[in-house]
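Undergrad: Structure file data.pdb (PDB, C-alpha atoms and all ligand atoms) right here:
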```
MODEL        1
ATOM      1  CA  MET A1158      -1.379  -5.722 -25.157
ATOM      2  CA  PRO A1159       0.905  -5.224 -22.149
ATOM      3  CA  LYS A1160       2.074  -1.704 -21.354
ATOM      4  CA  VAL A1161       5.776  -1.094 -20.901
ATOM      5  CA  LYS A1162       7.213   2.070 -19.372
ATOM      6  CA  PHE A1163      10.888   2.975 -19.113
ATOM      7  CA  LEU A1164      12.474   5.157 -16.458
ATOM      8  CA  PRO A1165      13.935   7.681 -16.149
ATOM      9  CA  SER A1166      12.743   8.689 -19.640
ATOM     10  CA  GLN A1167       9.052   8.011 -18.818
ATOM     11  CA  ILE A1168       8.632   6.717 -22.376
ATOM     12  CA  GLU A1169       5.878   4.119 -22.581
ATOM     13  CA  THR A1170       4.126   1.994 -25.147
ATOM     14  CA  GLU A1171       2.143  -1.179 -25.668
ATOM     15  CA  ALA A1172       4.282  -4.177 -26.514
ATOM     16  CA  PRO A1173       3.363  -7.537 -27.996
ATOM     17  CA  LYS A1174       3.547 -10.441 -25.558
ATOM     18  CA  GLY A1175       6.859 -12.237 -25.897
ATOM     19  CA  GLU A1176       8.824  -9.192 -27.045
ATOM     20  CA  THR A1177      11.975  -8.498 -25.048
ATOM     21  CA  LEU A1178      12.357  -5.310 -23.060
ATOM     22  CA  LEU A1179      15.425  -4.513 -25.164
ATOM     23  CA  ASP A1180      13.521  -4.745 -28.445
ATOM     24  CA  THR A1181      10.728  -2.617 -26.999
ATOM     25  CA  ALA A1182      13.210  -0.002 -25.767
ATOM     26  CA  LEU A1183      15.103   0.156 -29.057
ATOM     27  CA  SER A1184      11.894   0.481 -31.074
ATOM     28  CA  LEU A1185      11.030   3.535 -28.969
ATOM     29  CA  GLY A1186      14.475   5.114 -29.123
ATOM     30  CA  VAL A1187      14.994   4.652 -25.377
ATOM     31  CA  SER A1188      18.658   5.100 -24.449
ATOM     32  CA  ILE A1189      19.923   1.705 -23.266
ATOM     33  CA  GLN A1190      23.304   0.051 -23.617
ATOM     34  CA  HIS A1191      23.368  -3.338 -25.351
ATOM     35  CA  ALA A1192      27.017  -4.020 -26.081
ATOM     36  CA  CYS A1193      26.657  -7.673 -27.107
ATOM     37  CA  GLY A1194      23.666  -7.008 -29.330
ATOM     38  CA  GLY A1195      21.203  -8.906 -27.179
ATOM     39  CA  PHE A1196      22.960 -12.252 -26.806
ATOM     40  CA  CYS A1197      23.108 -12.439 -23.001
ATOM     41  CA  ALA A1198      26.872 -11.929 -23.052
ATOM     42  CA  CYS A1199      27.534  -8.489 -21.562
ATOM     43  CA  THR A1200      25.020  -7.360 -18.853
ATOM     44  CA  THR A1201      25.033  -3.748 -20.133
ATOM     45  CA  CYS A1202      21.270  -3.972 -20.786
ATOM     46  CA  HIS A1203      20.662  -4.315 -17.037
ATOM     47  CA  CYS A1204      17.250  -2.981 -15.954
ATOM     48  CA  GLU A1205      15.670  -2.768 -12.543
ATOM     49  CA  ILE A1206      12.028  -3.750 -12.698
ATOM     50  CA  VAL A1207      10.139  -1.175 -10.650
ATOM     51  CA  GLU A1208       6.686  -2.679 -11.254
ATOM     52  CA  GLY A1209       5.526  -5.943 -12.783
ATOM     53  CA  LEU A1210       8.437  -8.308 -12.155
ATOM     54  CA  ASP A1211       5.966 -11.189 -12.346
ATOM     55  CA  ASN A1212       4.736  -9.864 -15.690
ATOM     56  CA  LEU A1213       7.971 -10.954 -17.343
ATOM     57  CA  GLU A1214       8.761 -14.506 -18.381
ATOM     58  CA  PRO A1215      10.983 -16.002 -15.657
ATOM     59  CA  ALA A1216      14.744 -15.698 -16.160
ATOM     60  CA  GLU A1217      16.412 -18.746 -17.655
ATOM     61  CA  GLN A1218      19.719 -20.210 -16.490
ATOM     62  CA  ASP A1219      21.864 -18.209 -18.943
ATOM     63  CA  GLU A1220      20.468 -14.912 -17.686
ATOM     64  CA  LEU A1221      20.744 -15.910 -14.017
ATOM     65  CA  GLU A1222      24.378 -16.908 -14.470
ATOM     66  CA  ARG A1223      25.213 -13.741 -16.402
ATOM     67  CA  MET A1224      23.642 -11.540 -13.724
ATOM     68  CA  GLU A1225      25.867 -13.065 -11.034
ATOM     69  CA  VAL A1226      28.684 -10.752 -12.154
ATOM     70  CA  LEU A1227      26.601  -7.584 -11.697
ATOM     71  CA  ASP A1228      27.844  -5.491  -8.761
ATOM     72  CA  ASN A1229      24.642  -3.475  -8.591
ATOM     73  CA  ARG A1230      22.225  -6.397  -8.959
ATOM     74  CA  THR A1231      18.988  -6.230  -6.982
ATOM     75  CA  PRO A1232      16.230  -8.819  -6.509
ATOM     76  CA  ASN A1233      14.372  -6.948  -9.275
ATOM     77  CA  SER A1234      17.236  -6.955 -11.774
ATOM     78  CA  ARG A1235      16.752  -8.374 -15.265
ATOM     79  CA  LEU A1236      18.675  -8.266 -18.505
ATOM     80  CA  ALA A1237      16.474  -6.437 -20.978
ATOM     81  CA  CYS A1238      17.562  -8.607 -23.899
ATOM     82  CA  GLN A1239      16.327 -11.739 -22.108
ATOM     83  CA  ALA A1240      13.235 -10.427 -20.306
ATOM     84  CA  LYS A1241      10.112 -11.186 -22.325
ATOM     85  CA  VAL A1242       6.995  -9.191 -21.642
ATOM     86  CA  ARG A1243       3.739 -10.908 -20.716
ATOM     87  CA  GLY A1244       2.029  -8.085 -18.795
ATOM     88  CA  THR A1245       2.420  -4.483 -17.719
ATOM     89  CA  VAL A1246       5.960  -3.546 -16.644
ATOM     90  CA  VAL A1247       7.846  -0.458 -15.467
ATOM     91  CA  ALA A1248      11.596  -0.797 -15.972
ATOM     92  CA  ARG A1249      14.426   1.528 -14.936
ATOM     93  CA  VAL A1250      17.297   1.499 -17.396
ATOM     94  CA  VAL A1251      20.588   1.303 -15.477
ATOM     95  CA  ASN A1252      23.108   1.977 -18.297
ATOM     96  CA  HIS A1253      22.276   4.627 -20.839
ATOM     97  CA  ASP A1254      23.742   4.789 -24.311
TER      98      ASP A1254
HETATM   99  S1  LIG A1301      22.609  -6.789 -24.520
HETATM  100 FE1  LIG A1301      24.270  -7.919 -23.745
HETATM  101  S2  LIG A1301      23.382  -9.066 -22.146
HETATM  102 FE2  LIG A1301      21.718  -7.962 -22.949
ENDMDL
END
```
So that I can check it, write out the structure of this file as structure tokens.
TA:
Amino acid sequence: MPKVKFLPSQIETEAPKGETLLDTALSLGVSIQHACGGFCACTTCHCEIVEGLDNLEPAEQDELERMEVLDNRTPNSRLACQAKVRGTVVARVVNHD
């Protein structure tokens, strides 16, 4: 199974392929905002992918459009509720709960 690690907490686990970064984080008790509950409507679950950007399923149109409003977006930004794991990933949580 893919390994997923969150920064700055350094909490890591193995996650089933296809699980979202948000679900993985919440199952581990990682502090991450998710104001809309994971429906791609708020951007608070913003993560910067430090390693393994290509190990996530590519962003779909909804996520790309939602991220356009992010002031602090980087080329490695993803919304955790939309980013599905398919390989090892290190993700920095931007907004903590
Ligand atoms: S939790 Fe709202 S966009 Fe991800």
Undergrad: A:Leu1178, A:Cys1197, A:Leu1185, A:Val1247: which is nearest ligand LIG 1301 (chain A), counting all atoms listed in the file?
TA: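 Ranked by minimum distance to ligand LIG 1301 (chain A), first place goes to A:Cys1197.
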Undergrad: So which residues are near ligand LIG 1301 (chain A), meaning at most 6 Å away with all atoms listed in the file counted, given back as a PyMOL selection string?
TA: chain A and resi 1191-1202+1236-1238
Undergrad: Have a look at A:Ile1206, A:Val1251, A:Met1158, A:Leu1227 and name the one nearest to Glu1176 of chain A; count only C-alpha atoms.
TA: A:Met1158
Undergrad: As a check of understanding, name the residues that the PyMOL selection byres (((chain A and resi 1240) around 9) and not hetatm) selects in the supplied structure, as a ChimeraX atom specification.
TA: /A:1175-1179,1213-1216,1220,1235-1239,1241-1242
Undergrad: Write the residues you've just listed into a file as a CSV table (one decimal), in the frame of the given file, and include C-alpha atoms for each of them.
TA:
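The file below, again20.csv, is the result:
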```csv
chain,number,residue,atom,x,y,z
A,1175,GLY,CA,6.9,-12.2,-25.9
A,1176,GLU,CA,8.8,-9.2,-27.0
A,1177,THR,CA,12.0,-8.5,-25.0
A,1178,LEU,CA,12.4,-5.3,-23.1
A,1179,LEU,CA,15.4,-4.5,-25.2
A,1213,LEU,CA,8.0,-11.0,-17.3
A,1214,GLU,CA,8.8,-14.5,-18.4
A,1215,PRO,CA,11.0,-16.0,-15.7
A,1216,ALA,CA,14.7,-15.7,-16.2
A,1220,GLU,CA,20.5,-14.9,-17.7
A,1235,ARG,CA,16.8,-8.4,-15.3
A,1236,LEU,CA,18.7,-8.3,-18.5
A,1237,ALA,CA,16.5,-6.4,-21.0
A,1238,CYS,CA,17.6,-8.6,-23.9
A,1239,GLN,CA,16.3,-11.7,-22.1
A,1241,LYS,CA,10.1,-11.2,-22.3
A,1242,VAL,CA,7.0,-9.2,-21.6
```
Undergrad: Could you tell me which residues the PyMOL selection byres (((chain A and resi 1161) around 7) and not hetatm) returns for this structure, as a VMD selection string?
TA: chain A and resid 1159 to 1160 1162 to 1163 1169 to 1172 1245 to 1247
Undergrad: In Å, how far is it from atom CA of Ile1189 of chain A to atom CA of Val1250 of chain A?
TA: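 Rounded to one decimal, the two atoms are 6.4 Å apart.
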Undergrad: Just the residues within 8 Å of Asn1233 of chain A, please, counting all atoms listed in the file, with nothing from its chain fewer than 3 positions along; format it as a ChimeraX atom specification.
TA: /A:1205-1207,1210,1230
Undergrad: Let me know the residues the PyMOL selection byres (((chain A and resi 1254) around 8) and not hetatm) catches in the file above, as a short mmCIF file (atom, residue, chain, number, x, y, z; two decimals) with C-alpha atoms, in the coordinates of the input.
TA:
```cif
data_model
loop_
_atom_site.label_atom_id
_atom_site.label_comp_id
_atom_site.auth_asym_id
_atom_site.auth_seq_id
_atom_site.Cartn_x
_atom_site.Cartn_y
_atom_site.Cartn_z
CA SER A 1188 18.66 5.10 -24.45
CA ILE A 1189 19.92 1.70 -23.27
CA GLN A 1190 23.30 0.05 -23.62
CA ASN A 1252 23.11 1.98 -18.30
CA HIS A 1253 22.28 4.63 -20.84
#
```
Undergrad: Taking into account only C-alpha atoms, which residue in the set A:Cys1204, A:Asn1212, A:Ala1182, A:Gly1244 is nearest to Pro1232 of chain A?
TA: A:Cys1204
Undergrad: Kindly give the distance, in Å, that separates atom CA of Met1224 of chain A and atom CA of Ser1184 of chain A, rounded to a single decimal.
TA: 24.2 Å
Undergrad: Measure the distance from atom CA of His1203 of chain A to atom CA of Arg1249 of chain A in Å and round it to one decimal.
TA: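 Atom CA of His1203 of chain A sits 8.8 Å away from atom CA of Arg1249 of chain A.
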